[in-house]
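Dumped query_12.txt below, it's compact mmCIF, C-alpha atoms:
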```txt
# COMPACT_ATOMS: atom_id res chain seq x y z
CA MET A 1 3.75 13.31 5.93
CA ASP A 2 4.34 10.22 8.08
CA HIS A 3 2.64 7.01 6.99
CA ARG A 4 3.80 4.98 9.96
CA ALA A 5 1.22 3.55 12.31
CA ASP A 6 1.00 5.02 15.80
CA ARG A 7 2.99 2.59 17.94
CA ASP A 8 1.92 4.12 21.25
CA GLU A 9 -1.56 2.59 21.11
CA PRO A 10 -2.64 -0.92 20.11
CA GLN A 11 -3.89 -1.09 16.55
CA PRO A 12 -7.14 -2.87 15.71
CA ALA A 13 -6.82 -6.05 13.66
CA SER A 14 -6.97 -5.41 9.94
CA GLU A 15 -9.26 -7.37 7.67
CA THR A 16 -6.20 -8.10 5.54
CA GLU A 17 -4.07 -9.51 8.36
CA PRO A 18 -5.07 -13.19 7.98
CA MET A 19 -4.19 -13.10 4.28
CA VAL A 20 -0.95 -11.22 4.91
CA ASP A 21 0.02 -13.61 7.71
CA GLU A 22 -0.48 -16.50 5.30
CA LEU A 23 1.88 -14.88 2.80
CA LEU A 24 4.46 -14.38 5.55
CA GLN A 25 4.25 -17.91 6.92
CA GLY A 26 7.68 -19.49 7.04
CA VAL A 27 9.38 -16.23 6.03
CA ASP A 28 12.43 -14.83 7.85
CA GLY A 29 12.73 -11.54 5.95
CA VAL A 30 11.00 -9.38 3.34
CA VAL A 31 12.77 -7.71 0.42
CA VAL A 32 10.87 -5.36 -1.88
CA ASP A 33 11.51 -3.50 -5.09
CA TRP A 34 10.89 0.26 -5.02
CA ASP A 35 9.41 1.74 -8.22
CA GLY A 36 5.98 0.29 -8.85
CA THR A 37 6.19 -1.91 -5.74
CA VAL A 38 6.45 0.39 -2.72
CA VAL A 39 5.51 3.56 -4.59
CA ASP A 40 3.18 3.96 -7.55
CA ASN A 41 5.31 6.49 -9.38
CA ALA A 42 5.25 5.39 -13.04
CA GLU A 43 3.18 8.41 -14.14
CA LEU A 44 5.42 10.82 -12.23
CA ARG A 45 8.55 9.29 -13.77
CA LEU A 46 7.02 9.46 -17.25
CA ARG A 47 6.14 13.14 -16.87
CA ALA A 48 9.60 14.03 -15.57
CA LEU A 49 11.27 12.23 -18.47
CA GLN A 50 8.93 13.81 -21.02
CA GLN A 51 9.75 17.28 -19.68
CA ALA A 52 13.49 16.58 -19.63
CA LEU A 53 13.40 15.37 -23.25
CA ALA A 54 11.07 18.07 -24.58
CA PRO A 55 13.92 20.51 -25.44
CA TYR A 56 15.36 17.83 -27.73
CA ASP A 57 12.06 17.14 -29.53
CA VAL A 58 11.94 13.56 -28.27
CA ASP A 59 8.49 12.20 -27.52
CA VAL A 60 7.91 9.44 -24.98
CA ASP A 61 4.95 7.26 -25.82
CA PRO A 62 3.21 6.19 -22.57
CA GLN A 63 2.58 2.66 -23.81
CA TRP A 64 6.21 2.25 -24.86
CA TYR A 65 7.36 3.64 -21.54
CA ALA A 66 5.13 1.24 -19.60
CA LEU A 67 6.96 -1.65 -21.23
CA ASN A 68 10.44 -0.19 -20.76
CA CYS A 69 10.35 1.83 -17.53
CA GLY A 70 12.08 -0.97 -15.62
CA LEU A 71 15.27 -0.36 -17.59
CA PRO A 72 18.01 1.99 -16.32
CA ILE A 73 17.15 5.54 -17.34
CA ARG A 74 20.25 5.90 -19.51
CA GLU A 75 19.21 2.88 -21.54
CA VAL A 76 15.66 4.23 -21.84
CA ILE A 77 16.99 7.52 -23.18
CA ALA A 78 19.38 5.76 -25.57
CA ARG A 79 16.53 3.70 -27.01
CA LEU A 80 14.36 6.76 -27.40
CA ALA A 81 17.18 8.63 -29.11
CA GLY A 82 17.63 5.98 -31.78
CA PRO A 83 20.41 7.07 -34.17
CA ARG A 84 20.54 10.54 -32.61
CA THR A 85 23.16 11.54 -30.07
CA LEU A 86 21.61 13.10 -26.99
CA PRO A 87 23.38 14.64 -23.97
CA ILE A 88 22.33 11.84 -21.66
CA GLU A 89 24.46 13.11 -18.77
CA GLU A 90 22.48 16.36 -18.86
CA ILE A 91 19.07 14.78 -19.39
CA VAL A 92 19.35 12.29 -16.51
CA PRO A 93 19.90 14.87 -13.73
CA ALA A 94 17.24 17.13 -15.27
CA SER A 95 14.73 14.29 -15.14
CA ARG A 96 15.71 13.49 -11.55
CA ARG A 97 15.33 17.12 -10.46
CA LEU A 98 11.87 17.27 -11.99
CA LEU A 99 10.85 14.00 -10.35
CA LEU A 100 12.12 14.89 -6.88
CA GLY A 101 10.73 18.42 -7.11
CA GLY A 102 7.25 17.25 -8.00
CA PRO A 103 4.46 15.82 -5.86
CA PRO A 104 5.19 12.77 -3.71
CA PRO A 105 4.21 9.39 -5.15
CA GLN A 106 1.30 7.35 -3.89
CA LEU A 107 2.08 4.26 -1.86
CA VAL A 108 1.16 0.78 -3.06
CA ASP A 109 -1.15 -0.14 -0.19
CA SER A 110 -0.84 -3.92 -0.52
CA THR A 111 2.95 -3.76 -0.25
CA ILE A 112 2.80 -1.33 2.67
CA ASP A 113 0.33 -3.60 4.48
CA LEU A 114 2.70 -6.53 4.03
CA LEU A 115 5.68 -4.52 5.28
CA ARG A 116 3.82 -3.19 8.30
CA ARG A 117 2.71 -6.68 9.26
CA ALA A 118 6.27 -7.93 8.82
CA GLU A 119 7.43 -5.13 11.12
CA VAL A 120 4.89 -6.15 13.77
CA LEU A 121 6.09 -9.76 13.50
CA GLY A 122 9.70 -8.66 13.91
CA LEU A 123 10.82 -9.61 10.42
CA PRO A 124 13.69 -7.59 8.90
CA ARG A 125 12.83 -5.61 5.77
CA ALA A 126 14.83 -4.18 2.90
CA VAL A 127 14.54 -2.51 -0.49
CA ALA A 128 16.34 -4.05 -3.49
CA SER A 129 16.07 -1.57 -6.33
CA ALA A 130 17.65 -0.97 -9.72
CA ALA A 131 17.15 2.77 -9.20
CA ALA A 132 19.77 5.22 -7.99
CA GLY A 133 19.92 6.02 -4.31
CA VAL A 134 19.39 9.72 -5.00
CA LEU A 135 15.87 8.85 -6.16
CA ILE A 136 14.99 6.59 -3.25
CA HIS A 137 16.42 7.94 0.01
CA PRO A 138 14.81 11.41 -0.24
CA VAL A 139 11.40 9.86 -0.92
CA ILE A 140 11.75 7.40 1.97
CA GLU A 141 12.43 10.38 4.23
CA ARG A 142 9.64 12.46 2.68
CA LEU A 143 7.07 9.69 3.20
CA GLY A 144 8.27 8.71 6.67
CA LEU A 145 9.22 5.17 5.68
CA GLY A 146 12.63 5.04 7.33
CA GLU A 147 11.66 2.68 10.14
CA LEU A 148 9.57 0.49 7.85
CA LEU A 149 12.43 0.17 5.33
CA PRO A 150 15.69 0.55 7.27
CA VAL A 151 17.88 -1.23 4.69
CA VAL A 152 18.09 -0.02 1.08
CA VAL A 153 20.09 -1.56 -1.76
CA THR A 154 20.39 0.68 -4.83
CA ALA A 155 21.94 0.47 -8.28
CA GLU A 156 25.30 1.85 -7.09
CA MET A 157 25.71 -0.93 -4.54
CA VAL A 158 25.82 -3.92 -6.87
CA THR A 159 27.86 -4.91 -9.90
CA ARG A 160 25.01 -6.21 -12.01
CA GLY A 161 21.50 -4.86 -12.30
CA LYS A 162 18.30 -6.83 -12.58
CA PRO A 163 17.56 -9.47 -13.90
CA ALA A 164 20.83 -10.56 -12.27
CA PRO A 165 20.20 -11.56 -8.63
CA ASP A 166 22.79 -9.21 -7.11
CA ALA A 167 20.43 -6.63 -5.56
CA TYR A 168 18.25 -9.23 -3.86
CA LEU A 169 21.24 -11.23 -2.66
CA GLU A 170 22.86 -8.11 -1.23
CA ALA A 171 19.64 -7.18 0.56
CA ALA A 172 19.42 -10.66 2.10
CA ARG A 173 23.03 -10.37 3.23
CA LEU A 174 22.47 -6.98 4.84
CA ILE A 175 19.43 -8.15 6.81
CA GLY A 176 21.25 -11.36 7.79
CA ARG A 177 18.79 -13.81 6.31
CA ALA A 178 19.20 -16.72 3.89
CA PRO A 179 17.73 -15.81 0.48
CA ALA A 180 15.65 -19.00 0.46
CA ARG A 181 13.92 -17.79 3.63
CA CYS A 182 13.13 -14.34 2.22
CA LEU A 183 9.94 -13.18 0.54
CA ALA A 184 10.51 -10.83 -2.40
CA VAL A 185 7.99 -8.43 -3.90
CA ASP A 186 8.47 -6.93 -7.37
CA ASP A 187 6.32 -5.60 -10.19
CA ALA A 188 8.58 -5.91 -13.24
CA PRO A 189 9.60 -9.02 -15.22
CA ASP A 190 13.32 -8.30 -14.75
CA GLY A 191 12.82 -7.80 -11.02
CA ILE A 192 10.82 -10.98 -10.62
CA ALA A 193 13.49 -12.88 -12.56
CA SER A 194 16.13 -11.33 -10.29
CA ALA A 195 14.37 -12.47 -7.12
CA LEU A 196 13.79 -15.96 -8.50
CA GLU A 197 17.45 -16.24 -9.47
CA ALA A 198 18.33 -15.24 -5.91
CA GLY A 199 16.29 -18.21 -4.70
CA MET A 200 13.58 -16.20 -2.96
CA ARG A 201 9.87 -16.74 -2.75
CA VAL A 202 8.21 -14.10 -4.91
CA LEU A 203 5.06 -12.04 -4.96
CA ALA A 204 4.25 -10.00 -8.06
CA VAL A 205 2.41 -6.69 -7.89
CA ARG A 206 -0.54 -6.88 -10.28
CA ASP A 207 -3.16 -4.11 -10.41
CA GLY A 208 -2.28 -3.11 -6.87
CA LEU A 209 -2.56 -6.65 -5.48
CA LEU A 210 0.15 -9.09 -4.38
CA VAL A 211 -0.01 -12.25 -6.46
CA PRO A 212 2.14 -15.29 -5.60
CA VAL A 213 4.41 -16.43 -8.39
CA PRO A 214 3.24 -20.02 -9.02
CA GLY A 215 5.02 -22.70 -7.10
CA LEU A 216 7.17 -20.38 -4.98
CA ILE A 217 4.97 -19.16 -2.16
CA SER A 218 4.44 -22.50 -0.46
CA ASP A 219 7.10 -24.64 1.20
```
Representation of the structure as structure tokens:
Amino acid sequence: MDHRADRDEPQPASETEPMVDELLQGVDGVVVDWDGTVVDNAELRLRALQQALAPYDVDVDPQWYALNCGLPIREVIARLAGPRTLPIEEIVPASRRLLLGGPPPQLVDSTIDLLRRAEVLGLPRAVASAAAGVLIHPVIERLGLGELLPVVVTAEMVTRGKPAPDAYLEAARLIGRAPARCLAVDDAPDGIASALEAGMRVLAVRDGLLVPVPGLISD
């Protein structure tokens, strides 16, 4: 399934374009998180983890997971295990297989609208994620997002994960733009802190909408 707009024919102006253009004013590049920002996949990730942990009689409370899903999966499993010792190196690939073998995630429309407008305006775009590349690249291909997101920074590519700024700084470097001239989009507190530490303007994803982080969207 290809979510890219047809580039062979002119596209009618979107009702959201004036608002999106305002968000992109003065921006030289756009860098976005992946989970919860480009794709709405929290429920799919929860189900995959629940199934992977079921043989070990470990329950995953949805409310707890909502607060902790931004952590690396190994840390999530370790916290769920408590004093128990679980075979994390078996559980992680099992969870990944279940996630990638399931239905595709839904797109976050507001983020996609922003990225598509940035593409029309000729702005470079990148992903800066704390997730592993094995979980991102297949989904980008599956959803036909390769041209929209040609640069992808994943957990393996940086020394420190979020909230450290490494992923966002590396994305800015790869697209050849100064971090201060980039607009970042993220949904998680650690990701927002990461983008702020990188010196970027930041939009937070809240209930499917892009909300400027106070004081950092205007020059």
What's the 8 Å shell around range 182-196 of chain A, counting only C-alpha atoms, without same-chain residues fewer than 3 positions away, as a ChimeraX atom specification?
-> /A:24,27-34,36-37,70,111,162-168,172,177-179,199-206,210
CA of Ile175 in chain A to CA of Leu143 in chain A, distance in Å rounded to a single decimal = 22.0 Å
re CA of Leu149 in chain A and CA of Asp40 in chain A: distance 16.3 Å
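Between CA of Ser129 in chain A and CA of Leu86 in chain A lies a distance of 25.9 Å.
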A:Arg160, A:Pro104, A:Val92, A:Gln50: which is nearest Glu141 in chain A, counting all atoms listed in the file?
-> A:Pro104
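Each of A:Gly26, A:Ala48, A:Glu89, A:Glu197 was compared to Pro103 in chain A using all atoms listed in the file, and A:Ala48 turns out to be the nearest.
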Selected residue, from A:Leu100, A:Asp109, A:Leu145, A:Leu46, that lies nearest to Val76 in chain A when counting only C-alpha atoms | A:Leu46
Spatial neighbours of Val20 in chain A, max dist 8 Å, only C-alpha atoms, sep filter under 6 positions, as a list in words = Asp113, Leu114 and Arg117 of chain A
Got time to write the residues from that selection, C-alpha atoms, as a compact mmCIF listing (two decimals), keeping the file's coordinate frame?
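New file again-v8.txt:
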```
# COMPACT_ATOMS: atom_id res chain seq x y z
CA ASP A 113 0.33 -3.60 4.48
CA LEU A 114 2.70 -6.53 4.03
CA ARG A 117 2.71 -6.68 9.26
```
Which one is closest to Ala81 in chain A: A:Leu67, A:Leu98, A:Val151, A:Val58? Count all atoms listed in the file.
-> A:Val58
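The protein and nucleic acid residues lying at most 12 Å from Val139 in chain A are Met1, Asp2, Trp34, Asp35, Val38, Val39, Asn41, Leu99, Leu100, Gly101, Gly102, Pro103, Pro104, Pro105, Gln106, Leu107, Ala132, Gly133, Leu145, Gly146 and Leu149 of chain A, with all atoms listed in the file considered and sequence neighbours fewer than 6 positions away removed.
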Taking all atoms of range 103-121 of chain A that the file lists, what box with edges along x, y and z, padded by 6 Å per side, do you get, with centre and edge lengths in Å to one decimal, as lines of an AutoDock Vina configuration file?
```
center_x = 3.1
center_y = 3.0
center_z = 4.0
size_x = 20.6
size_y = 37.6
size_z = 31.6
```
Some atoms are absent from range 30-41 of chain A, so rebuild all heavy atoms and return them as a tab-separated table (two decimals), in the coordinates of the input.
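Done, and the output landed in part_25.tsv:
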```
chain	number	residue	atom	x	y	z
A	30	VAL	N	11.75	-9.88	4.49
A	30	VAL	CA	11.00	-9.38	3.34
A	30	VAL	C	11.86	-8.38	2.59
A	30	VAL	O	12.41	-7.45	3.18
A	30	VAL	CB	9.68	-8.71	3.78
A	30	VAL	CG1	8.93	-8.16	2.56
A	30	VAL	CG2	8.80	-9.71	4.53
A	31	VAL	N	11.98	-8.59	1.27
A	31	VAL	CA	12.77	-7.71	0.42
A	31	VAL	C	11.89	-7.23	-0.73
A	31	VAL	O	11.29	-8.06	-1.43
A	31	VAL	CB	14.02	-8.42	-0.14
A	31	VAL	CG1	14.86	-7.44	-0.95
A	31	VAL	CG2	14.84	-9.04	0.98
A	32	VAL	N	11.79	-5.92	-0.89
A	32	VAL	CA	10.87	-5.36	-1.88
A	32	VAL	C	11.60	-4.47	-2.88
A	32	VAL	O	12.58	-3.81	-2.55
A	32	VAL	CB	9.75	-4.55	-1.19
A	32	VAL	CG1	8.89	-5.45	-0.33
A	32	VAL	CG2	10.32	-3.40	-0.36
A	33	ASP	N	11.10	-4.48	-4.09
A	33	ASP	CA	11.51	-3.50	-5.09
A	33	ASP	C	10.97	-2.13	-4.66
A	33	ASP	O	10.18	-2.03	-3.71
A	33	ASP	CB	10.93	-3.94	-6.44
A	33	ASP	CG	11.23	-2.97	-7.56
A	33	ASP	OD1	12.38	-2.54	-7.68
A	33	ASP	OD2	10.30	-2.65	-8.32
A	34	TRP	N	11.34	-1.09	-5.36
A	34	TRP	CA	10.89	0.26	-5.02
A	34	TRP	C	9.86	0.80	-6.01
A	34	TRP	O	8.67	0.84	-5.73
A	34	TRP	CB	12.08	1.21	-4.91
A	34	TRP	CG	11.72	2.63	-4.59
A	34	TRP	CD1	11.76	3.70	-5.43
A	34	TRP	CD2	11.23	3.13	-3.33
A	34	TRP	NE1	11.34	4.85	-4.78
A	34	TRP	CE2	11.02	4.51	-3.49
A	34	TRP	CE3	10.97	2.54	-2.09
A	34	TRP	CZ2	10.55	5.32	-2.46
A	34	TRP	CZ3	10.51	3.34	-1.06
A	34	TRP	CH2	10.29	4.71	-1.24
A	35	ASP	N	10.32	1.16	-7.22
A	35	ASP	CA	9.41	1.74	-8.22
A	35	ASP	C	8.33	0.73	-8.61
A	35	ASP	O	8.63	-0.39	-9.02
A	35	ASP	CB	10.19	2.12	-9.48
A	35	ASP	CG	11.18	3.25	-9.23
A	35	ASP	OD1	10.84	4.17	-8.48
A	35	ASP	OD2	12.29	3.20	-9.80
A	36	GLY	N	7.08	1.14	-8.46
A	36	GLY	CA	5.98	0.29	-8.85
A	36	GLY	C	5.63	-0.78	-7.83
A	36	GLY	O	4.64	-1.50	-8.01
A	37	THR	N	6.42	-0.88	-6.76
A	37	THR	CA	6.19	-1.91	-5.74
A	37	THR	C	5.88	-1.29	-4.39
A	37	THR	O	4.88	-1.62	-3.76
A	37	THR	CB	7.42	-2.84	-5.63
A	37	THR	OG1	7.62	-3.49	-6.90
A	37	THR	CG2	7.21	-3.89	-4.55
A	38	VAL	N	6.74	-0.38	-3.93
A	38	VAL	CA	6.45	0.39	-2.72
A	38	VAL	C	5.71	1.68	-3.07
A	38	VAL	O	4.76	2.07	-2.39
A	38	VAL	CB	7.74	0.72	-1.94
A	38	VAL	CG1	7.44	1.63	-0.75
A	38	VAL	CG2	8.40	-0.57	-1.45
A	39	VAL	N	6.15	2.32	-4.15
A	39	VAL	CA	5.51	3.56	-4.59
A	39	VAL	C	4.97	3.40	-6.01
A	39	VAL	O	5.60	2.79	-6.87
A	39	VAL	CB	6.50	4.76	-4.54
A	39	VAL	CG1	6.80	5.12	-3.10
A	39	VAL	CG2	7.77	4.47	-5.31
A	40	ASP	N	3.80	3.96	-6.22
A	40	ASP	CA	3.18	3.96	-7.55
A	40	ASP	C	3.57	5.27	-8.24
A	40	ASP	O	2.87	6.26	-8.17
A	40	ASP	CB	1.66	3.85	-7.40
A	40	ASP	CG	0.95	3.79	-8.74
A	40	ASP	OD1	1.63	3.71	-9.78
A	40	ASP	OD2	-0.30	3.83	-8.75
A	41	ASN	N	4.74	5.25	-8.87
A	41	ASN	CA	5.31	6.49	-9.38
A	41	ASN	C	5.55	6.47	-10.89
A	41	ASN	O	6.26	7.34	-11.41
A	41	ASN	CB	6.62	6.80	-8.66
A	41	ASN	CG	7.68	5.73	-8.89
A	41	ASN	OD1	7.40	4.68	-9.46
A	41	ASN	ND2	8.89	5.99	-8.43
```
